[in-house]
Structures are given as structure tokens and as C-alpha cells.
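The structure appears right after this line, and notes come after that.
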Amino acid sequence: MTLAVEAVADHSPGTTGTQPQGSEFAPLLRTVKSQDLLERRTGWYVRTIVVNALALAAVGTGMAVIGGSWWVLALAPVLSVLCARTAFVGHDAGHAQITGDRTVSRIIGLVHGNLLLGMSYSWWNDKHNRHHANPNHIDKDPDVAADVLVFTSGQAATRSGFRRWLTRNQAWLFFPLTLLEGLALKLYGFQDLRRQPPRERVVEGLFLVAHVVGYVALLLGTMPLGHALAFAAIHQALFGLHLGMAFAPNHKGMEMPDPDGERWGHLRRQVLTSRNIKGGALTDWFLGGLNYQIEHHLFPSMPRPHLRLAQPLVRAHCRDLGIPFTETGLIDSYRQALRHMYEVGEPLRME
């Protein structure tokens, strides 16, 4: 299930001031539609996918050519960056940004997620859709559920043992922990197979196993065992770090809706919980368009190259309504996210 219609279907009951919440989003949606910003950019995505595939093939060829030398390790960071591009394509497929055909979207997601990354497309899509529906909601957003990290003082207060130590130091440990994210994503995918219907479980599982077999075969077929172990460690660590750097700025430290408080409409729910990152083409490329997090959350099916075009429209609409539109630099976004995690763990450090 994708979020293609999420952005246009919210007319939740409740009020913000004297204006119905649903009506706040409707004028913006009409403006965006009038400028064809929800129209898909199939050609752009075809070029992106082909270029990424050729780059992956080039790295694989380089591994075969210089695999006998320790210089092959220089290709590991390159592969980690290309794998992040691959993940961004899978993300966009899950949001129906590439095509409106659900079967084609699923195939793209399975190839880019399960086969190329060893990361379950079904698991990611389910988790990510729940995040989009209720971002930063402590009871409904799986991304802020208490796990290795916690995001509220209430979560911190329940920690004990080693997890309590983690929470006390989570701000310092955040980026080191992301070095394990590449492996964690693979593990979550295999664990999720038990939840899936039998037919989907078979398809997802076959693609995941094919990735593991292919990855091991590529490494051991192009370089000695010692080189292969070092290459895999660097590749997976930097891949996880890259994903962490792309996703950390988006919501951490932003508003967290009160589960017992006023129910926000789509516009406020997405804008107040999201943070945009300033920058140019390099930032767009490095963060896979997720630097336009506000626009992406308002219009999940909007193709990536249109997000920057929608930004001034969204900013102006929020200004007219008096809704804060948060945008900051990349480094400052990390500072804000880490400061939030530091403050959450502070009561435990005072003991």
C-alpha cells in the first residue's frame, strides 16, 4: 500500500482557530495541481535508474580488476554512496512517485530494495507509510517508538540496565550507531517475513536470499577473504551512516503531537513535525530529495524533481496561515536533532 492518495484525502474533524483543518490544505493542493507538480516524471526516473545501474556495474568491474590489491577498499565508500541512491529510488517507488502502476512500483521496489540492498521493500513500505500518516506521534509513528534510541522523557524514564546507559549517552552515540544501520535493515527484513502473507513471503524471501548469495559471491569472486571482510565492513558501515545522515535531519527535535491533545489536519500534522534543509543541487543529490521533507510529507506521491518547485508555494501558504515553516542548514539540523536527544537523556545523567 502506498501513500499516493494520503495527501489529498485528509479532511479530519476538529478545528484550528475558527477554520476547519481540512480547508487549510485544500487551496494549496489546488495550486500544486494547477502547476502539474503531481504529474509523474517517468523519463527523469528512467535516466536516474539507468545511470545508477551503470555506476553499480562500473564499481563491480573495478572490484574484479583490482580485487587482489588493498586499493580495492577505495571502492567501498563509492559503493555505499551508490547504494544510498538505490535506496532513494526504492523509497520513491514505495510512494508511487515513479509510476501509478502498483505492480511496476513493487517490481522496482523489490529490485532496488530486496535484491540490490537486502532490505525488505514490504517491511519498509509498511513502516514508512505508518510514519507518514502520523509523523512524530509517540503512539503511532514507528520511527519514534522506544528502541535503541528514545525521543521523549517518558520513554527515557522506563529504561533500565544497558538501555538506560544508551539513553544517557544517545546523543553522542547516534552517528556511531548508524554504522550498524545497513546490517540492521537487512535483519529487520528477514524478521518481517513472518508477518507477511505466504505468497508475498516467498517473493520477498527469494529476493533477500538472492541478495545475500550475490553479495557474498561478488566479494569472494573478486578478492581474497581478508579484502572481502574489510570491504564489506567499510561498505555496510558507510551505507548505514549515509542513510542516517539523510533521515536524521527530517523530524528529530520537531513538534511531537500530544496523543490526548488537539487533532491536527493534514497540513499542520506534516508541516509542524518536519524540517527542511537548505542547499542546492549537491544537497538535493546527497539527501535524495529528502531535504524537502515538508513538501514530501504534504505530497508523498510528488516526484522528487518537483519538490523544489513546490517549496515556494508551500512556504507562502504557510506564511499566509501563520504556520511555522522550519528550514535550516544541514549542520544545524544535526545540531538540533542531537540536542533533542541529549535533552531527553539529561534526567538520567543527573542521577
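Letters A, B, ... go to the chains of the C-alpha cells in the order shown; residues in each chain start at 1; ligands are counted from 1 in the same order.
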(request) Name the residues in contact with segment 228-243 of chain A at a cut-off of 9 Å, using only C-alpha atoms, excluding same-chain residues fewer than 5 positions from it; report them as a ChimeraX atom specification. (result) /A:67,72-84,87,175-185,216,219-220,222-223,248,286-287
Using N, CA, C and O atoms, can you write the selected residues to a file as a compact mmCIF listing (two decimals), in the first residue's frame?
# COMPACT_ATOMS: atom_id res chain seq x y z
N GLY A 67 40.68 -6.29 -7.36
CA GLY A 67 40.34 -7.00 -6.14
C GLY A 67 41.51 -7.63 -5.42
O GLY A 67 41.45 -7.85 -4.21
N VAL A 72 41.42 -1.91 -3.55
CA VAL A 72 40.01 -2.17 -3.83
C VAL A 72 39.11 -1.57 -2.74
O VAL A 72 37.94 -1.26 -2.99
N LEU A 73 39.66 -1.37 -1.55
CA LEU A 73 38.86 -0.80 -0.46
C LEU A 73 38.42 0.62 -0.76
O LEU A 73 37.45 1.12 -0.17
N ALA A 74 39.12 1.29 -1.68
CA ALA A 74 38.72 2.66 -2.06
C ALA A 74 37.37 2.66 -2.76
O ALA A 74 36.69 3.70 -2.81
N LEU A 75 36.97 1.51 -3.29
CA LEU A 75 35.67 1.43 -3.97
C LEU A 75 34.52 1.23 -2.99
O LEU A 75 33.36 1.43 -3.35
N ALA A 76 34.82 0.84 -1.75
CA ALA A 76 33.76 0.58 -0.77
C ALA A 76 32.95 1.85 -0.46
O ALA A 76 31.71 1.79 -0.44
N PRO A 77 33.59 3.00 -0.21
CA PRO A 77 32.80 4.22 0.00
C PRO A 77 31.97 4.60 -1.22
O PRO A 77 30.84 5.10 -1.08
N VAL A 78 32.51 4.37 -2.40
CA VAL A 78 31.77 4.68 -3.63
C VAL A 78 30.52 3.80 -3.71
O VAL A 78 29.42 4.28 -4.01
N LEU A 79 30.68 2.53 -3.39
CA LEU A 79 29.54 1.62 -3.43
C LEU A 79 28.49 2.00 -2.38
O LEU A 79 27.29 1.89 -2.63
N SER A 80 28.94 2.47 -1.22
CA SER A 80 27.98 2.87 -0.19
C SER A 80 27.14 4.05 -0.65
O SER A 80 25.93 4.10 -0.39
N VAL A 81 27.76 4.99 -1.34
CA VAL A 81 27.01 6.14 -1.87
C VAL A 81 26.01 5.68 -2.93
O VAL A 81 24.86 6.13 -2.95
N LEU A 82 26.43 4.79 -3.81
CA LEU A 82 25.53 4.30 -4.85
C LEU A 82 24.39 3.47 -4.25
O LEU A 82 23.26 3.50 -4.76
N CYS A 83 24.65 2.77 -3.17
CA CYS A 83 23.59 2.01 -2.51
C CYS A 83 22.57 2.96 -1.88
O CYS A 83 21.37 2.65 -1.84
N ALA A 84 23.04 4.10 -1.39
CA ALA A 84 22.10 5.09 -0.87
C ALA A 84 21.22 5.62 -1.99
O ALA A 84 20.01 5.82 -1.82
N ALA A 87 18.63 3.09 -2.53
CA ALA A 87 17.59 3.16 -1.50
C ALA A 87 16.61 4.29 -1.78
O ALA A 87 15.40 4.15 -1.55
N PHE A 175 25.50 8.87 15.74
CA PHE A 175 26.17 8.61 14.47
C PHE A 175 27.00 7.33 14.50
O PHE A 175 27.00 6.59 13.50
N PRO A 176 27.70 7.01 15.60
CA PRO A 176 28.36 5.69 15.63
C PRO A 176 27.37 4.54 15.45
O PRO A 176 27.68 3.54 14.79
N LEU A 177 26.17 4.67 16.04
CA LEU A 177 25.19 3.60 15.91
C LEU A 177 24.69 3.44 14.47
O LEU A 177 24.32 2.34 14.06
N THR A 178 24.66 4.55 13.72
CA THR A 178 24.20 4.44 12.33
C THR A 178 25.14 3.58 11.49
O THR A 178 24.74 3.09 10.42
N LEU A 179 26.37 3.37 11.95
CA LEU A 179 27.29 2.50 11.22
C LEU A 179 26.78 1.06 11.17
O LEU A 179 27.21 0.29 10.31
N LEU A 180 25.87 0.73 12.06
CA LEU A 180 25.29 -0.62 12.09
C LEU A 180 23.95 -0.69 11.36
O LEU A 180 23.36 -1.77 11.24
N GLU A 181 23.46 0.46 10.87
CA GLU A 181 22.12 0.51 10.29
C GLU A 181 22.00 -0.33 9.03
O GLU A 181 20.95 -0.94 8.78
N GLY A 182 23.04 -0.39 8.21
CA GLY A 182 22.97 -1.19 6.99
C GLY A 182 22.69 -2.65 7.30
O GLY A 182 21.87 -3.30 6.62
N LEU A 183 23.35 -3.19 8.32
CA LEU A 183 23.12 -4.58 8.71
C LEU A 183 21.77 -4.73 9.40
O LEU A 183 21.07 -5.74 9.20
N ALA A 184 21.38 -3.74 10.21
CA ALA A 184 20.10 -3.81 10.91
C ALA A 184 18.94 -3.87 9.93
O ALA A 184 17.97 -4.63 10.14
N LEU A 185 19.01 -3.10 8.85
CA LEU A 185 17.93 -3.08 7.87
C LEU A 185 17.76 -4.46 7.22
O LEU A 185 16.63 -4.88 6.93
N VAL A 216 27.82 -12.04 -1.38
CA VAL A 216 28.95 -12.87 -0.96
C VAL A 216 29.73 -13.35 -2.17
O VAL A 216 30.98 -13.36 -2.18
N LEU A 219 31.90 -10.51 -3.59
CA LEU A 219 33.09 -10.23 -2.79
C LEU A 219 34.13 -11.34 -2.93
O LEU A 219 35.31 -11.07 -3.23
N LEU A 220 33.71 -12.59 -2.71
CA LEU A 220 34.68 -13.69 -2.73
C LEU A 220 35.14 -14.04 -4.14
O LEU A 220 36.21 -14.64 -4.31
N THR A 222 35.86 -11.75 -6.38
CA THR A 222 36.71 -10.67 -6.92
C THR A 222 37.90 -10.35 -6.04
O THR A 222 38.79 -9.61 -6.47
N MET A 223 37.96 -10.89 -4.81
CA MET A 223 39.07 -10.52 -3.91
C MET A 223 39.28 -11.60 -2.86
O MET A 223 38.39 -12.41 -2.60
N ALA A 248 18.15 11.64 9.56
CA ALA A 248 18.19 12.28 10.89
C ALA A 248 17.67 13.71 10.89
O ALA A 248 17.01 14.12 11.86
N PHE A 286 22.70 14.53 -2.37
CA PHE A 286 23.19 13.79 -1.21
C PHE A 286 22.05 13.26 -0.35
O PHE A 286 22.11 12.14 0.17
N LEU A 287 20.97 14.05 -0.21
CA LEU A 287 19.85 13.66 0.63
C LEU A 287 18.70 13.03 -0.15
O LEU A 287 17.65 12.72 0.42
(message) For segment 252-261 of chain A, find every residue with an atom within 7 Å (counting only C-alpha atoms), except residues of its own chain fewer than 2 positions away, and show them as a PyMOL selection string.
(response) chain A and resi 136-137+248-250+263+272-274+336-337+340
Restrict the calculation to only C-alpha atoms, then for each residue of segment 253-282 of chain A with any atom at most 9 Å from an atom of segment 21-31 of chain A give the closest atom pair and their distance in Å to one decimal, rows by chain and rising residue number, as a tab-separated table.
residue	atom	partner	partner_atom	distance
A:Trp264	CA	A:Gln21	CA	6.9
A:Gly265	CA	A:Gln21	CA	4.8
A:His266	CA	A:Phe25	CA	6.9
A:Leu267	CA	A:Phe25	CA	5.4
A:Arg268	CA	A:Gln21	CA	8.2
Could you dump the residues just selected with C-alpha atoms as a PDB file, in the first residue's frame?
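Produced file result.pdb, reproduced below:
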ATOM      1  CA  TRP A 264      -4.217  18.375  13.612  1.00  0.00           C
ATOM      2  CA  GLY A 265      -5.308  18.317   9.979  1.00  0.00           C
ATOM      3  CA  HIS A 266      -3.006  17.128   7.211  1.00  0.00           C
ATOM      4  CA  LEU A 267      -1.276  20.467   6.665  1.00  0.00           C
ATOM      5  CA  ARG A 268      -0.319  21.133  10.266  1.00  0.00           C
TER       6      ARG A 268
END
(request) Quick one: pull the distance between atom CA of Ile49 of chain A and atom CA of Lys186 of chain A, Å, one decimal. (result)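 So the two atoms, atom CA of Ile49 of chain A and atom CA of Lys186 of chain A, lie 21.9 Å apart.
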Just list the residues in segment 26-99 of chain A DSSP gives alpha helix (DSSP H) on the backbone, as a short mmCIF file (atom, residue, chain, number, x, y, z; two decimals) with C-alpha atoms, in the first residue's frame.
data_model
loop_
_atom_site.label_atom_id
_atom_site.label_comp_id
_atom_site.auth_asym_id
_atom_site.auth_seq_id
_atom_site.Cartn_x
_atom_site.Cartn_y
_atom_site.Cartn_z
CA ALA A 26 -7.26 22.33 0.00
CA PRO A 27 -6.14 25.69 -1.51
CA LEU A 28 -2.51 24.55 -1.56
CA LEU A 29 -3.47 21.28 -3.21
CA ARG A 30 -5.39 23.14 -5.94
CA THR A 31 -2.38 25.38 -6.62
CA VAL A 32 0.01 22.44 -6.82
CA LYS A 33 -2.32 20.55 -9.15
CA SER A 34 -2.76 23.60 -11.37
CA THR A 42 8.94 8.87 -15.72
CA GLY A 43 11.76 9.94 -18.02
CA TRP A 44 13.70 11.53 -15.16
CA TYR A 45 13.41 8.35 -13.12
CA VAL A 46 14.39 6.11 -16.03
CA ARG A 47 17.57 8.15 -16.51
CA THR A 48 18.28 8.09 -12.77
CA ILE A 49 17.82 4.32 -12.54
CA VAL A 50 19.93 3.63 -15.64
CA VAL A 51 22.79 5.90 -14.53
CA ASN A 52 22.79 4.31 -11.07
CA ALA A 53 22.77 0.80 -12.56
CA LEU A 54 25.70 1.64 -14.84
CA ALA A 55 27.61 3.12 -11.92
CA LEU A 56 27.00 -0.02 -9.85
CA ALA A 57 28.20 -2.15 -12.75
CA ALA A 58 31.32 0.01 -13.07
CA VAL A 59 32.13 -0.49 -9.39
CA GLY A 60 31.61 -4.24 -9.76
CA THR A 61 34.01 -4.23 -12.72
CA GLY A 62 36.52 -2.23 -10.70
CA MET A 63 36.30 -4.77 -7.88
CA ALA A 64 37.10 -7.56 -10.35
CA VAL A 65 40.03 -5.66 -11.84
CA ILE A 66 41.78 -4.52 -8.64
CA LEU A 75 35.67 1.43 -3.97
CA ALA A 76 33.76 0.58 -0.77
CA PRO A 77 32.80 4.22 0.00
CA VAL A 78 31.77 4.68 -3.63
CA LEU A 79 29.54 1.62 -3.43
CA SER A 80 27.98 2.87 -0.19
CA VAL A 81 27.01 6.14 -1.87
CA LEU A 82 25.53 4.30 -4.85
CA CYS A 83 23.59 2.01 -2.51
CA ALA A 84 22.10 5.09 -0.87
CA ARG A 85 20.99 6.25 -4.36
CA THR A 86 19.46 2.81 -4.79
CA ALA A 87 17.59 3.16 -1.50
CA PHE A 88 16.24 6.55 -2.56
CA VAL A 89 14.82 5.01 -5.74
CA GLY A 90 13.15 2.28 -3.69
CA HIS A 91 11.74 4.94 -1.37
CA ASP A 92 10.26 6.87 -4.28
CA ALA A 93 8.79 3.70 -5.78
CA GLY A 94 7.06 2.98 -2.47
#
(request) With a distance cut-off of 7 Å and only C-alpha atoms, select the neighbouring residues of Ser120 of chain A, excluding the residue or stretch itself and same-chain residues fewer than 6 positions from it, and output the selection as a list of chain:residue names. (result)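 Everything that qualifies: A:Gly113, A:Asn114, A:Gly189, A:Glu204.
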Just to be explicit: take each residue in the selection above, keep C-alpha atoms, and write the result as a PDB file, in the first residue's frame.
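This is the output file part.pdb:
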ATOM      1  CA  GLY A 113      15.336  -2.879  -2.010  1.00  0.00           C
ATOM      2  CA  ASN A 114      15.426  -6.652  -1.646  1.00  0.00           C
ATOM      3  CA  GLY A 189      13.629  -7.543   6.565  1.00  0.00           C
ATOM      4  CA  GLU A 204      10.343 -11.183  -0.639  1.00  0.00           C
TER       5      GLU A 204
END
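With only C-alpha atoms as the atoms that count, the residue of A:Trp165, A:Arg130, A:Ser105, A:Ile331 with the shortest distance to Val150 of chain A is A:Trp165.
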(request) Report the distance between atom CA of Asp36 of chain A and atom CA of Arg304 of chain A in Å, rounded to one decimal place. (result) 13.4 Å
(request) For atom CA of Glu351 of chain A and atom CA of Gly154 of chain A, determine how far apart the two atoms are, in Å to one decimal place. (result)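 About the pair atom CA of Glu351 of chain A and atom CA of Gly154 of chain A: they are 15.9 Å apart.
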(request) Just the residues within 8 Å of His131 of chain A, please, counting only C-alpha atoms, with nothing from its chain fewer than 3 positions along; format it as an MDAnalysis selection string. (result) chainID A and resid 127:128 134:136 140:143
Those same residues, written as a tab-separated table (two decimals), in the first residue's frame with C-alpha atoms?
chain	number	residue	atom	x	y	z
A	127	LYS	CA	6.72	1.04	8.42
A	128	HIS	CA	7.24	4.16	6.34
A	134	ASN	CA	1.31	10.23	11.87
A	135	PRO	CA	4.82	11.71	11.90
A	136	ASN	CA	6.39	12.13	15.35
A	140	LYS	CA	1.50	5.83	16.07
A	141	ASP	CA	4.83	6.65	14.40
A	142	PRO	CA	7.17	3.62	14.47
A	143	ASP	CA	10.13	5.93	13.88
(request) Identify all residues of segment 128-339 of chain A in strand (DSSP E) (DSSP on the backbone) and supply them as JSON, numbers by chain. (result) {"A": [276, 277, 327, 328]}
Please produce a file of those selected residues containing N, CA, C and O atoms, as a PDB file, in the first residue's frame.
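Output file selection.pdb follows:
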ATOM      1  N   ASN A 276      12.866  21.235   6.775  1.00  0.00           N
ATOM      2  CA  ASN A 276      13.556  21.280   5.503  1.00  0.00           C
ATOM      3  C   ASN A 276      15.027  21.638   5.696  1.00  0.00           C
ATOM      4  O   ASN A 276      15.394  22.293   6.673  1.00  0.00           O
ATOM      5  N   ILE A 277      15.855  21.232   4.731  1.00  0.00           N
ATOM      6  CA  ILE A 277      17.284  21.520   4.770  1.00  0.00           C
ATOM      7  C   ILE A 277      17.643  22.410   3.591  1.00  0.00           C
ATOM      8  O   ILE A 277      17.340  22.086   2.443  1.00  0.00           O
ATOM      9  N   GLU A 327      13.113  25.638   8.268  1.00  0.00           N
ATOM     10  CA  GLU A 327      14.150  25.342   7.286  1.00  0.00           C
ATOM     11  C   GLU A 327      15.483  25.782   7.870  1.00  0.00           C
ATOM     12  O   GLU A 327      15.609  26.882   8.399  1.00  0.00           O
ATOM     13  N   THR A 328      16.483  24.923   7.777  1.00  0.00           N
ATOM     14  CA  THR A 328      17.783  25.250   8.348  1.00  0.00           C
ATOM     15  C   THR A 328      18.875  24.582   7.528  1.00  0.00           C
ATOM     16  O   THR A 328      18.589  23.820   6.601  1.00  0.00           O
TER      17      THR A 328
END
